[in-house]
file run-v4.txt (compact mmCIF, C-alpha atoms)
# COMPACT_ATOMS: atom_id res chain seq x y z
CA MET A 1 13.47 62.35 -60.38
CA ALA A 2 13.48 66.16 -60.32
CA ALA A 3 13.30 66.14 -56.50
CA ILE A 4 16.20 63.68 -56.28
CA ALA A 5 18.30 65.77 -58.67
CA SER A 6 17.58 68.89 -56.58
CA VAL A 7 18.61 67.12 -53.36
CA LYS A 8 21.83 65.89 -54.99
CA ARG A 9 22.78 69.44 -56.00
CA ARG A 10 21.91 70.90 -52.61
CA TYR A 11 23.84 68.37 -50.51
CA GLY A 12 26.69 67.64 -52.93
CA ILE A 13 25.64 64.03 -53.49
CA VAL A 14 27.36 62.58 -56.55
CA GLY A 15 26.22 59.36 -58.19
CA ARG A 16 23.70 57.75 -60.47
CA SER A 17 23.62 54.16 -59.25
CA PRO A 18 20.12 52.70 -58.72
CA VAL A 19 20.87 51.69 -55.10
CA LEU A 20 21.80 55.28 -54.19
CA GLU A 21 18.75 56.76 -55.88
CA ASN A 22 16.49 54.21 -54.18
CA ALA A 23 17.87 55.26 -50.76
CA LEU A 24 17.36 58.95 -51.61
CA ASN A 25 13.81 58.28 -52.79
CA THR A 26 12.98 56.47 -49.54
CA ALA A 27 14.41 59.34 -47.47
CA LEU A 28 12.32 61.92 -49.33
CA ARG A 29 9.16 59.85 -49.01
CA VAL A 30 9.42 59.44 -45.21
CA ALA A 31 10.75 62.94 -44.48
CA PRO A 32 7.29 64.62 -44.22
CA THR A 33 6.19 62.09 -41.57
CA ASP A 34 7.10 61.91 -37.89
CA LEU A 35 8.18 58.27 -38.06
CA SER A 36 11.41 57.17 -36.42
CA ILE A 37 14.05 56.17 -38.96
CA LEU A 38 17.04 53.86 -38.73
CA ILE A 39 19.83 54.45 -41.26
CA THR A 40 22.28 51.58 -41.67
CA GLY A 41 25.50 51.39 -43.63
CA GLU A 42 29.26 51.17 -43.31
CA SER A 43 31.33 54.01 -41.92
CA GLY A 44 31.86 56.77 -44.44
CA VAL A 45 28.78 56.23 -46.64
CA GLY A 46 27.07 59.51 -45.66
CA LYS A 47 24.56 58.61 -42.93
CA GLU A 48 24.64 62.08 -41.36
CA VAL A 49 23.98 63.72 -44.74
CA PHE A 50 20.84 61.61 -45.07
CA SER A 51 19.69 62.63 -41.60
CA ARG A 52 19.98 66.29 -42.67
CA ILE A 53 18.02 65.56 -45.84
CA ILE A 54 15.23 64.02 -43.77
CA HIS A 55 15.14 66.96 -41.33
CA ASP A 56 15.34 69.66 -44.02
CA ASN A 57 12.46 68.12 -45.95
CA SER A 58 10.19 67.65 -42.94
CA PRO A 59 7.70 69.99 -41.22
CA ARG A 60 10.40 70.47 -38.53
CA LYS A 61 12.86 72.04 -40.98
CA HIS A 62 12.62 75.44 -39.23
CA GLU A 63 13.32 73.86 -35.84
CA LYS A 64 16.72 72.87 -34.46
CA PHE A 65 18.74 69.83 -35.51
CA ILE A 66 21.63 68.15 -33.68
CA ALA A 67 23.82 65.16 -34.49
CA ILE A 68 25.03 63.16 -31.49
CA ASN A 69 27.64 60.40 -31.66
CA CYS A 70 26.56 57.93 -28.99
CA GLY A 71 29.90 56.13 -29.12
CA ALA A 72 31.83 59.31 -28.32
CA ILE A 73 30.01 60.10 -25.03
CA PRO A 74 31.29 58.28 -21.91
CA GLU A 75 28.83 55.80 -20.45
CA GLY A 76 28.72 57.61 -17.12
CA THR A 77 27.61 60.92 -18.61
CA ILE A 78 25.44 60.01 -21.62
CA ASN A 79 22.19 60.01 -19.61
CA SER A 80 22.93 63.50 -18.35
CA GLU A 81 23.85 64.68 -21.86
CA LEU A 82 20.64 63.37 -23.39
CA PHE A 83 18.10 63.92 -20.61
CA GLY A 84 19.73 66.50 -18.33
CA HIS A 85 20.29 66.41 -14.56
CA VAL A 86 19.39 68.29 -11.39
CA LYS A 87 21.72 69.86 -8.86
CA GLY A 88 23.41 67.26 -6.66
CA ALA A 89 22.53 64.32 -8.93
CA PHE A 90 26.22 63.33 -8.98
CA THR A 91 29.64 64.76 -8.21
CA ASN A 92 30.22 68.11 -9.94
CA ALA A 93 26.51 68.55 -10.61
CA THR A 94 26.52 72.08 -9.22
CA GLY A 95 23.25 73.11 -10.86
CA ASP A 96 20.36 72.00 -13.02
CA ARG A 97 21.17 71.27 -16.65
CA LYS A 98 18.93 70.69 -19.64
CA GLY A 99 19.63 67.68 -21.86
CA TYR A 100 19.38 67.48 -25.63
CA PHE A 101 15.84 66.10 -25.57
CA GLU A 102 14.71 69.16 -23.67
CA THR A 103 16.82 71.71 -25.54
CA TYR A 104 15.84 70.45 -28.99
CA ASP A 105 12.14 70.04 -28.25
CA GLY A 106 10.23 70.31 -31.54
CA GLY A 107 13.31 69.55 -33.66
CA THR A 108 15.24 66.49 -34.80
CA ILE A 109 17.90 64.52 -32.96
CA PHE A 110 20.25 62.36 -34.99
CA LEU A 111 21.68 59.56 -32.84
CA ASP A 112 24.72 58.23 -34.68
CA GLU A 113 26.31 54.90 -33.69
CA ILE A 114 23.15 53.94 -31.80
CA GLY A 115 24.53 50.42 -31.40
CA GLU A 116 27.09 51.76 -28.91
CA MET A 117 24.44 53.19 -26.56
CA PRO A 118 24.50 51.65 -23.04
CA LEU A 119 21.58 49.39 -22.09
CA ASP A 120 20.22 51.64 -19.33
CA THR A 121 20.21 54.63 -21.71
CA GLN A 122 18.36 52.47 -24.23
CA THR A 123 15.60 52.03 -21.64
CA TYR A 124 15.22 55.80 -21.24
CA LEU A 125 15.22 56.29 -25.02
CA LEU A 126 12.54 53.63 -25.47
CA ARG A 127 10.28 55.54 -23.07
CA VAL A 128 10.79 58.75 -25.04
CA LEU A 129 9.85 57.00 -28.27
CA GLU A 130 6.76 55.38 -26.75
CA SER A 131 5.31 58.26 -24.72
CA GLY A 132 7.50 61.35 -25.28
CA GLU A 133 8.36 61.34 -21.55
CA PHE A 134 11.75 61.51 -19.83
CA ILE A 135 13.20 62.23 -16.40
CA ARG A 136 16.33 64.21 -15.66
CA VAL A 137 19.08 62.35 -13.84
CA GLY A 138 18.52 62.72 -10.09
CA SER A 139 14.96 64.02 -10.50
CA SER A 140 11.58 62.40 -9.88
CA THR A 141 9.61 64.77 -12.08
CA THR A 142 8.46 63.53 -15.50
CA GLN A 143 8.89 65.90 -18.41
CA ARG A 144 7.66 65.73 -21.97
CA THR A 145 9.39 66.38 -25.27
CA ASP A 146 8.43 66.31 -28.92
CA VAL A 147 11.49 65.37 -30.95
CA ARG A 148 11.94 63.25 -34.00
CA ILE A 149 14.56 60.52 -33.73
CA VAL A 150 16.74 59.56 -36.66
CA ALA A 151 19.23 56.86 -35.65
CA ALA A 152 22.16 55.36 -37.52
CA THR A 153 24.60 52.51 -37.08
CA ASN A 154 27.38 50.72 -38.92
CA ARG A 155 26.94 47.68 -36.68
CA ARG A 156 24.72 44.65 -37.23
CA LEU A 157 22.07 45.31 -34.62
CA ASN A 158 20.67 41.79 -34.96
CA GLU A 159 23.98 40.46 -33.68
CA ARG A 160 23.98 43.00 -30.84
CA ILE A 161 20.46 41.90 -29.91
CA ALA A 162 21.48 38.23 -29.94
CA SER A 163 24.42 38.98 -27.63
CA GLY A 164 22.20 40.97 -25.22
CA LYS A 165 23.84 44.33 -25.97
CA PHE A 166 20.86 45.97 -27.67
CA ARG A 167 17.17 45.92 -26.79
CA GLU A 168 15.01 44.20 -29.39
CA ASP A 169 11.96 46.34 -28.58
CA LEU A 170 14.03 49.52 -29.07
CA TYR A 171 15.27 48.22 -32.41
CA TYR A 172 11.71 47.82 -33.71
CA ARG A 173 10.73 51.26 -32.41
CA LEU A 174 13.68 52.88 -34.16
CA ALA A 175 13.36 50.93 -37.38
CA THR A 176 9.82 52.00 -38.21
CA VAL A 177 11.43 52.85 -41.54
CA ALA A 178 14.88 51.47 -42.33
CA ILE A 179 17.15 53.01 -44.96
CA GLU A 180 20.21 51.02 -45.95
CA LEU A 181 22.92 53.10 -47.59
CA PRO A 182 25.07 51.26 -50.14
CA ASN A 183 28.81 51.08 -49.65
CA LEU A 184 31.08 52.44 -52.35
CA ARG A 185 32.10 49.06 -53.78
CA GLU A 186 28.42 48.44 -54.57
CA ARG A 187 28.43 51.66 -56.62
CA PRO A 188 31.38 51.14 -59.02
CA GLU A 189 29.76 53.37 -61.63
CA ASP A 190 29.90 56.29 -59.18
CA ILE A 191 33.56 56.00 -58.13
CA TYR A 192 35.05 57.92 -61.05
CA LEU A 193 32.32 60.60 -60.82
CA LEU A 194 33.15 61.10 -57.14
CA PHE A 195 36.87 61.20 -57.88
CA ARG A 196 36.40 63.97 -60.45
CA TYR A 197 34.10 65.88 -58.07
CA PHE A 198 36.59 65.75 -55.19
CA ALA A 199 39.56 66.52 -57.45
CA ASN A 200 37.90 69.59 -58.98
CA ASN A 201 36.68 70.91 -55.62
CA PHE A 202 40.06 70.48 -53.96
CA ALA A 203 41.90 72.07 -56.88
CA GLU A 204 39.54 75.04 -56.78
CA GLN A 205 40.10 75.49 -53.03
CA GLN A 206 43.89 75.28 -53.36
CA GLY A 207 44.17 77.26 -56.57
CA PHE A 208 45.83 74.73 -58.86
CA GLU A 209 44.87 72.55 -61.83
CA PRO A 210 42.87 69.41 -60.96
CA ILE A 211 44.48 66.02 -61.47
CA GLN A 212 43.26 63.64 -64.17
CA ILE A 213 43.73 59.88 -64.61
CA ASP A 214 43.88 57.54 -67.60
CA ASP A 215 41.63 54.52 -68.20
CA GLU A 216 43.91 52.04 -66.41
CA ALA A 217 44.14 54.26 -63.35
CA ARG A 218 40.37 54.64 -63.40
CA TRP A 219 40.05 50.84 -63.49
CA LEU A 220 42.25 50.62 -60.39
CA LEU A 221 40.00 53.03 -58.50
CA GLU A 222 36.83 51.23 -59.56
CA ASN A 223 38.14 47.82 -58.50
CA TYR A 224 39.60 48.80 -55.13
CA HIS A 225 37.38 47.67 -52.23
CA TRP A 226 37.22 51.10 -50.43
CA PRO A 227 36.76 50.00 -46.79
CA GLY A 228 36.45 53.67 -45.78
CA ASN A 229 33.91 54.33 -48.54
CA ILE A 230 33.32 57.93 -49.71
CA ARG A 231 35.40 59.41 -46.89
CA GLU A 232 38.40 57.30 -47.93
CA LEU A 233 37.98 58.17 -51.62
CA LYS A 234 37.93 61.87 -50.74
CA ASN A 235 41.11 61.52 -48.69
CA VAL A 236 42.86 59.53 -51.44
CA THR A 237 41.88 62.12 -54.06
CA GLU A 238 43.22 64.99 -51.97
CA GLN A 239 46.46 63.13 -51.19
CA LEU A 240 47.01 62.40 -54.87
CA SER A 241 46.28 66.03 -55.73
CA ILE A 242 49.01 67.16 -53.32
CA LEU A 243 51.65 64.46 -53.89
CA ALA A 244 51.43 64.15 -57.68
CA GLU A 245 54.20 65.95 -59.56
CA LYS A 246 52.11 66.00 -62.73
CA ARG A 247 48.43 66.59 -63.39
CA GLU A 248 47.75 63.57 -65.62
CA LEU A 249 48.31 60.32 -63.75
CA THR A 250 48.70 56.76 -65.01
CA ALA A 251 48.03 53.51 -63.17
CA VAL A 252 51.75 53.26 -62.39
CA ASP A 253 51.66 56.73 -60.82
CA LEU A 254 48.70 55.77 -58.64
CA LEU A 255 50.30 52.52 -57.49
CA THR A 256 53.57 54.28 -56.71
CA MET A 257 51.81 56.77 -54.43
CA MET A 258 49.01 54.48 -53.19
CA PRO A 259 50.17 50.80 -53.18
CA LYS A 260 46.98 49.78 -51.37
CA LEU A 261 45.05 50.32 -54.62
CA ARG A 262 46.40 46.93 -55.74
CA ASP A 263 43.75 45.31 -53.55
CA ARG A 264 40.80 44.14 -55.58
CA ASN A 265 37.12 43.50 -54.78
CA LEU A 266 36.25 39.89 -55.55
CA PRO A 267 33.82 37.59 -53.71
CA ALA A 268 35.55 35.20 -51.35
CA ILE A 269 34.76 31.99 -49.52
CA THR A 270 34.80 32.52 -45.77
CA ARG A 271 36.67 29.81 -43.92
CA GLN A 272 36.42 28.94 -40.24
CA ASN A 273 39.49 29.29 -38.05
CA GLY A 274 40.39 27.12 -35.13
CA ASN A 275 38.29 29.19 -32.74
CA GLY A 276 35.18 28.80 -34.83
CA GLY A 277 35.23 32.41 -35.97
CA ALA A 278 35.34 33.65 -39.53
CA GLY A 279 38.83 33.35 -40.98
CA ASP A 280 40.34 35.30 -43.83
CA GLY A 281 38.39 35.03 -47.07
CA MET A 282 39.84 33.53 -50.22
CA GLN A 283 41.53 36.44 -51.95
CA GLU A 284 41.90 37.02 -55.64
CA ARG A 285 45.35 35.43 -55.69
CA GLU A 286 43.98 32.22 -54.21
CA ILE A 287 41.20 32.13 -56.78
CA LEU A 288 43.77 32.66 -59.53
CA TYR A 289 45.96 29.86 -58.17
CA LYS A 290 43.01 27.50 -58.14
CA VAL A 291 42.17 28.36 -61.75
CA LEU A 292 45.80 27.86 -62.79
CA PHE A 293 46.02 24.49 -61.03
CA ASP A 294 42.82 23.36 -62.78
CA MET A 295 44.28 24.53 -66.07
CA LYS A 296 47.48 22.60 -65.43
CA SER A 297 45.51 19.44 -64.76
CA ASP A 298 43.44 19.90 -67.91
CA LEU A 299 46.53 20.59 -70.02
CA ASN A 300 48.17 17.43 -68.70
CA ASP A 301 45.09 15.49 -69.72
CA LEU A 302 45.23 17.10 -73.14
CA LYS A 303 48.89 16.17 -73.58
CA GLY A 304 48.10 12.62 -72.49
CA LEU A 305 45.33 12.51 -75.06
CA ILE A 306 47.80 13.52 -77.80
CA PHE A 307 50.32 10.87 -76.73
CA GLU A 308 47.60 8.22 -76.63
CA LEU A 309 46.42 9.21 -80.11
CA ILE A 310 49.98 8.89 -81.43
CA ARG A 311 50.37 5.46 -79.90
CA SER A 312 47.01 3.90 -80.63
CA ASN A 313 46.72 5.20 -84.20
CA ASP A 314 50.36 4.62 -85.11
CA LEU A 315 50.80 8.22 -86.26
CA ARG A 316 53.98 9.66 -87.72
CA VAL A 317 55.35 12.78 -86.02
CA PRO A 318 58.05 14.75 -87.94
CA ASP A 319 60.06 15.90 -84.91
CA MET A 320 59.72 13.38 -82.10
CA GLN A 321 62.31 15.14 -79.93
CA LYS A 322 59.96 18.11 -79.49
CA VAL A 323 57.13 15.81 -78.51
CA ARG A 324 59.38 13.91 -76.11
CA SER A 325 60.42 17.16 -74.43
CA LEU A 326 56.89 17.54 -73.11
CA GLN A 327 56.48 16.20 -69.57
CA LEU A 328 54.30 13.14 -69.97
CA PRO A 329 51.74 12.40 -67.26
CA ALA A 330 52.44 9.15 -65.45
CA THR A 331 49.00 7.87 -66.50
CA TYR A 332 50.13 7.32 -70.09
CA PRO A 333 53.12 4.90 -69.85
CA ALA A 334 52.36 3.15 -73.14
CA ALA A 335 52.39 6.43 -75.01
CA ALA A 336 55.69 7.32 -73.35
CA GLU A 337 57.28 4.07 -74.51
CA GLU A 338 56.07 4.68 -78.05
CA ILE A 339 57.53 8.19 -78.07
CA ASP A 340 60.85 6.84 -76.81
CA ARG A 341 60.87 4.22 -79.58
CA ARG A 342 60.22 6.77 -82.31
CA ALA A 343 62.64 9.28 -80.84
CA GLY A 344 65.30 6.59 -81.15
CA GLY A 345 64.98 6.63 -84.91
CA ASP A 346 62.22 4.11 -85.64
CA GLU A 347 59.95 5.65 -88.24
CA VAL A 348 56.51 4.54 -89.23
CA PRO A 349 56.63 3.20 -92.79
CA GLU A 350 54.84 5.16 -95.48
CA GLY A 351 51.31 3.99 -96.13
CA GLU A 352 50.79 2.62 -92.62
CA HIS A 353 49.03 5.71 -91.29
CA HIS A 354 45.55 5.14 -89.96
CA PRO A 355 42.68 7.48 -89.23
CA ILE A 356 42.35 8.83 -85.71
CA ILE A 357 39.82 6.77 -83.77
CA VAL A 358 38.74 8.15 -80.43
CA ASP A 359 37.28 5.51 -78.13
CA SER A 360 34.94 6.21 -75.21
CA SER A 361 37.70 6.59 -72.61
CA MET A 362 39.61 9.01 -74.84
CA GLN A 363 36.39 10.90 -75.60
CA ARG A 364 36.02 11.65 -71.89
CA ALA A 365 39.56 13.04 -71.83
CA TYR A 366 38.80 15.10 -74.92
CA ASP A 367 35.66 16.48 -73.30
CA ARG A 368 37.70 17.58 -70.29
CA SER A 369 40.24 19.30 -72.52
CA GLU A 370 37.53 21.57 -73.91
CA ILE A 371 37.12 23.40 -70.62
CA VAL A 372 40.70 24.72 -70.57
CA GLU A 373 39.79 27.89 -72.44
CA GLU A 374 36.71 28.51 -70.31
CA ASP A 375 38.63 28.27 -67.04
CA LEU A 376 41.05 30.97 -68.22
CA SER A 377 38.54 33.60 -67.08
CA LEU A 378 38.44 34.75 -63.47
CA ALA A 379 34.84 35.72 -64.09
CA ASN A 380 34.02 32.05 -64.69
CA ALA A 381 35.70 31.11 -61.44
CA GLU A 382 33.70 33.80 -59.66
CA ARG A 383 30.48 32.59 -61.31
CA GLU A 384 31.19 29.00 -60.26
CA LEU A 385 31.86 30.01 -56.63
CA ILE A 386 28.53 31.84 -56.53
CA ARG A 387 26.68 28.85 -58.05
CA LYS A 388 28.19 26.48 -55.49
CA ALA A 389 27.33 28.77 -52.58
CA LEU A 390 23.71 29.15 -53.78
CA LYS A 391 23.41 25.38 -54.25
CA LYS A 392 24.88 24.68 -50.82
CA HIS A 393 22.38 27.01 -49.13
CA ASN A 394 19.38 26.03 -51.29
CA SER A 395 19.28 29.45 -53.01
CA ARG A 396 19.07 31.34 -49.71
CA ARG A 397 20.93 34.46 -50.75
CA LYS A 398 21.65 35.79 -47.28
CA GLU A 399 23.46 32.62 -46.21
CA ALA A 400 25.23 32.33 -49.57
CA ALA A 401 26.42 35.94 -49.37
CA GLY A 402 27.72 35.32 -45.84
CA GLU A 403 29.74 32.34 -46.99
CA LEU A 404 31.16 34.26 -49.95
CA GLY A 405 32.09 37.19 -47.72
CA ILE A 406 30.08 39.74 -49.70
CA SER A 407 26.91 41.71 -49.05
CA GLU A 408 23.52 40.38 -50.13
CA ARG A 409 23.12 43.35 -52.49
CA THR A 410 26.44 42.56 -54.19
CA LEU A 411 25.42 38.91 -54.53
CA TYR A 412 22.13 39.97 -56.13
CA ARG A 413 24.02 42.17 -58.62
CA LYS A 414 26.45 39.35 -59.46
CA ILE A 415 23.56 36.92 -60.02
CA LYS A 416 22.01 39.34 -62.51
CA GLU A 417 25.37 40.10 -64.13
CA TYR A 418 26.24 36.44 -64.68
CA GLU A 419 22.61 35.39 -65.39
CA ILE A 420 22.82 32.66 -62.75
CA SER A 421 19.66 30.62 -62.43
CA GLU A 422 18.71 29.59 -58.92
call {"tool": "encode", "arguments": {"input": "run-v4.txt", "output": "C-alpha cells"}}
result
Amino acid sequence: MAAIASVKRRYGIVGRSPVLENALNTALRVAPTDLSILITGESGVGKEVFSRIIHDNSPRKHEKFIAINCGAIPEGTINSELFGHVKGAFTNATGDRKGYFETYDGGTIFLDEIGEMPLDTQTYLLRVLESGEFIRVGSSTTQRTDVRIVAATNRRLNERIASGKFREDLYYRLATVAIELPNLRERPEDIYLLFRYFANNFAEQQGFEPIQIDDEARWLLENYHWPGNIRELKNVTEQLSILAEKRELTAVDLLTMMPKLRDRNLPAITRQNGNGGAGDGMQEREILYKVLFDMKSDLNDLKGLIFELIRSNDLRVPDMQKVRSLQLPATYPAAAEEIDRRAGGDEVPEGEHHPIIVDSSMQRAYDRSEIVEEDLSLANAERELIRKALKKHNSRRKEAAGELGISERTLYRKIKEYEISE
C-alpha cells in the first residue's frame, strides 16, 4: 500500500477505488521484469501514465523511453519510423535513417493504439518480440535490439483478430501480462476527488479561487457516464472554472453551463437494428416509462379490486360521486353498474353491511396490487433487468453484460450491490 501511495503522489493519480488500486498493483509487480505488457482501456483513462510507471520502476529506468501513437503514423511510413531505412529505399530516402527500435535500444517503447498498426508492420514487430531482430526498410542486413514493449489499445483486439485485422500470435506475445484500466464510470467514488484535484490545480495556475459544488451538483457529476473519462472530467472542470460567475455552484448552475450532464449511467438492453448491428440501448427514460406503465396497470387492478369489493360485499360508500369519478377498468362491468346505481341515490340500508370476503380470484388481484410500491424504484427495475439477462444467458456474465450494454466489471459490481443470486 505504501508503494501504491507513493506512485499516486509522484504521477498525480487520484482515486481510491479497488479497481484502480488493483491495476496499479499489477503494474508495480510486473515493472521489474522484461515481460511485454498490454494495457487496455477506453480513451482518456491514463494508459500512457501507466506505461511511464512501468518504465520508471523497471531496471531500464535510466534508459530512454518513447511513446508512439501507431494510429497517427501514415501506413506508408510507419515501418521506416519504427525500424529505419537505407538510402534509396523509397522516394525521398536520401540517406540512412535509424528507427525507434534502434535509437531506443536498451530502453522502453510504448506503442499506443496498437490495434491500428498495419498487418505488415505487425509481422516485423512479432519478429522483434520473438528474437530481438529487425531489418531496416530497403536493407538485407539483420540488426538486433533490446527494447521492452509496452502496448496499449482502446479497441477490442479479439474483434480485430476475428475480422483479420490483427495477428492472433502477436496478440499473445504482447499480452504476456494484460492490465485493464477501469473507465471513470466504474469509479464513481473517485469522480468528486478528481474534480476537486483538477479544480484546485487549475485555480492555482490561473491565480483565482477554486470552484466548489453542492451535493446535488456532485450527484450529477457522479452519475454522468463520462465517455471521455478522466480527460473529459479535466476539461469540464476547467471550463466550469472559467465560465462560472460564482465560486460555489449548484446543480442548476452545472446544467446551465453543461447540459450534457443530464445524461445518466444506467444499464441498458441492447436491441438489434435492421442491419443486424447493435442498436441504441434502452435509456433511463425508457426504463422509467416501462416502470410507470407497469404501475398504471397495477393501479387499475387495484381500483378494480376496490370496485369489486364494493359490489360483492354490498358496502356503503359515503360519497359515491368521488368513487365514480375514477376511471373504471373495462374488466369490472358489474362493479361499474353498482357504482352507477348508488351514485343515483340508492343507499344501502343500515344493518345490511357485510364483512369483506376476498375470494381466490380477488386474492390474485390483491397480490398483484402489493407490487405497486416496489416498482416505484428504478433500482428495482435495474435489478430485474440484470436478473433477466443473467437467466437468459445461463449466468454467463460476459454475454449478459453485452446484452445490457455495460462492461463485465460494472455488471459484477451491480450483482454485488443488489445481492443478486445466480
call {"tool": "closest_atom_pairs", "arguments": {"input": "run-v4.txt", "of": "segment 145-201 of chain A", "to": "segment 122-137 of chain A", "cutoff": "9 Å", "atoms": "all atoms listed in the file", "output": "CSV"}}
result
residue,atom,partner,partner_atom,distance
A:Thr145,CA,A:Gly132,CA,5.4
A:Asp146,CA,A:Gly132,CA,6.2
A:Val147,CA,A:Gly132,CA,8.0
A:Arg148,CA,A:Leu129,CA,8.7
A:Ile149,CA,A:Leu129,CA,8.0
A:Phe166,CA,A:Gln122,CA,7.8
A:Arg167,CA,A:Gln122,CA,7.1
A:Asp169,CA,A:Leu126,CA,7.9
A:Leu170,CA,A:Leu126,CA,5.7
A:Arg173,CA,A:Leu129,CA,7.1
A:Leu174,CA,A:Leu129,CA,8.1
call {"tool": "write_last_selection", "arguments": {"input": "run-v4.txt", "atoms": "C-alpha atoms", "output": "PDB file, in the frame of the given file"}}
result
ATOM      1  CA  THR A 145       9.390  66.380 -25.270  1.00  0.00           C
ATOM      2  CA  ASP A 146       8.430  66.310 -28.920  1.00  0.00           C
ATOM      3  CA  VAL A 147      11.490  65.370 -30.950  1.00  0.00           C
ATOM      4  CA  ARG A 148      11.940  63.250 -34.000  1.00  0.00           C
ATOM      5  CA  ILE A 149      14.560  60.520 -33.730  1.00  0.00           C
ATOM      6  CA  PHE A 166      20.860  45.970 -27.670  1.00  0.00           C
ATOM      7  CA  ARG A 167      17.170  45.920 -26.790  1.00  0.00           C
ATOM      8  CA  ASP A 169      11.960  46.340 -28.580  1.00  0.00           C
ATOM      9  CA  LEU A 170      14.030  49.520 -29.070  1.00  0.00           C
ATOM     10  CA  ARG A 173      10.730  51.260 -32.410  1.00  0.00           C
ATOM     11  CA  LEU A 174      13.680  52.880 -34.160  1.00  0.00           C
TER      12      LEU A 174
END
call {"tool": "atom_distance", "arguments": {"input": "run-v4.txt", "atom1": "atom CA of Leu243 of chain A", "atom2": "atom CA of Asp214 of chain A"}}
result
17.2 Å
call {"tool": "residues_around", "arguments": {"input": "run-v4.txt", "residues": "segment 73-79 of chain A", "least_positions_apart": "2", "cutoff": "7 Å", "atoms": "only C-alpha atoms", "output": "PyMOL selection string"}}
result
chain A and resi 70-71+81-83+118+121+137
call {"tool": "residues_near_point", "arguments": {"input": "run-v4.txt", "point": "(25.1, 70.9, -47.9)", "cutoff": "12 Å", "atoms": "only C-alpha atoms", "output": "short mmCIF file (atom, residue, chain, number, x, y, z; two decimals) with C-alpha atoms, keeping the file's coordinate frame"}}
result
data_model
loop_
_atom_site.label_atom_id
_atom_site.label_comp_id
_atom_site.auth_asym_id
_atom_site.auth_seq_id
_atom_site.Cartn_x
_atom_site.Cartn_y
_atom_site.Cartn_z
CA SER A 6 17.58 68.89 -56.58
CA VAL A 7 18.61 67.12 -53.36
CA LYS A 8 21.83 65.89 -54.99
CA ARG A 9 22.78 69.44 -56.00
CA ARG A 10 21.91 70.90 -52.61
CA TYR A 11 23.84 68.37 -50.51
CA GLY A 12 26.69 67.64 -52.93
CA ILE A 13 25.64 64.03 -53.49
CA GLY A 46 27.07 59.51 -45.66
CA GLU A 48 24.64 62.08 -41.36
CA VAL A 49 23.98 63.72 -44.74
CA PHE A 50 20.84 61.61 -45.07
CA SER A 51 19.69 62.63 -41.60
CA ARG A 52 19.98 66.29 -42.67
CA ILE A 53 18.02 65.56 -45.84
CA ASP A 56 15.34 69.66 -44.02
#
call {"tool": "closest_residue", "arguments": {"input": "run-v4.txt", "among": "A:Leu254, A:Val14, A:Ile415, A:Ile109", "to": "His55 of chain A", "atoms": "all atoms listed in the file"}}
result
A:Ile109
call {"tool": "closest_residue", "arguments": {"input": "run-v4.txt", "among": "A:Asn183, A:Gln212, A:Gln205, A:Asn22", "to": "Trp226 of chain A", "atoms": "only C-alpha atoms"}}
result
A:Asn183
call {"tool": "atom_distance", "arguments": {"input": "run-v4.txt", "atom1": "atom CA of Leu194 of chain A", "atom2": "atom CA of Leu249 of chain A"}}
result
16.6 Å
call {"tool": "closest_residue", "arguments": {"input": "run-v4.txt", "among": "A:Thr410, A:Ser139, A:Ser421, A:Thr108", "to": "Val19 of chain A", "atoms": "all atoms listed in the file"}}
result
A:Thr410
call {"tool": "atom_distance", "arguments": {"input": "run-v4.txt", "atom1": "atom CA of Leu221 of chain A", "atom2": "atom CA of Met257 of chain A"}}
result
13.0 Å
call {"tool": "residues_around", "arguments": {"input": "run-v4.txt", "residues": "Pro18 of chain A", "least_positions_apart": "2", "cutoff": "12 Å", "atoms": "all atoms listed in the file", "output": "mmCIF file with C-alpha atoms, in the coordinates of the input"}}
result
data_model
loop_
_atom_site.group_PDB
_atom_site.id
_atom_site.type_symbol
_atom_site.label_atom_id
_atom_site.label_comp_id
_atom_site.auth_asym_id
_atom_site.auth_seq_id
_atom_site.Cartn_x
_atom_site.Cartn_y
_atom_site.Cartn_z
ATOM 1 C CA MET A 1 13.470 62.350 -60.380
ATOM 2 C CA ILE A 4 16.200 63.680 -56.280
ATOM 3 C CA GLY A 15 26.220 59.360 -58.190
ATOM 4 C CA ARG A 16 23.700 57.750 -60.470
ATOM 5 C CA LEU A 20 21.800 55.280 -54.190
ATOM 6 C CA GLU A 21 18.750 56.760 -55.880
ATOM 7 C CA ASN A 22 16.490 54.210 -54.180
ATOM 8 C CA ALA A 23 17.870 55.260 -50.760
ATOM 9 C CA LEU A 24 17.360 58.950 -51.610
ATOM 10 C CA ASN A 25 13.810 58.280 -52.790
ATOM 11 C CA LEU A 181 22.920 53.100 -47.590
ATOM 12 C CA PRO A 182 25.070 51.260 -50.140
ATOM 13 C CA GLU A 186 28.420 48.440 -54.570
ATOM 14 C CA ARG A 187 28.430 51.660 -56.620
ATOM 15 C CA PRO A 188 31.380 51.140 -59.020
ATOM 16 C CA GLU A 189 29.760 53.370 -61.630
ATOM 17 C CA ASP A 190 29.900 56.290 -59.180
ATOM 18 C CA ARG A 409 23.120 43.350 -52.490
ATOM 19 C CA ARG A 413 24.020 42.170 -58.620
#
call {"tool": "closest_residue", "arguments": {"input": "run-v4.txt", "among": "A:Glu116, A:Glu245, A:Glu180, A:Glu209", "to": "Glu42 of chain A", "atoms": "all atoms listed in the file"}}
result
A:Glu180
call {"tool": "residues_around", "arguments": {"input": "run-v4.txt", "residues": "Glu238 of chain A", "least_positions_apart": "2", "cutoff": "12 Å", "atoms": "only C-alpha atoms", "output": "list in words"}}
result
Leu194, Phe195, Arg196, Tyr197, Phe198, Ala199, Asn200, Asn201, Phe202, Ala203, Glu204, Gln205, Gln206, Pro210, Ile211, Arg231, Glu232, Leu233, Lys234, Asn235, Val236, Leu240, Ser241, Ile242, Leu243 and Ala244 of chain A
call {"tool": "residues_near_point", "arguments": {"input": "run-v4.txt", "point": "(10.8, 54.7, -49.1)", "cutoff": "12 Å", "atoms": "only C-alpha atoms", "output": "PyMOL selection string"}}
result
chain A and resi 21-33+35+37+39+54+176-180
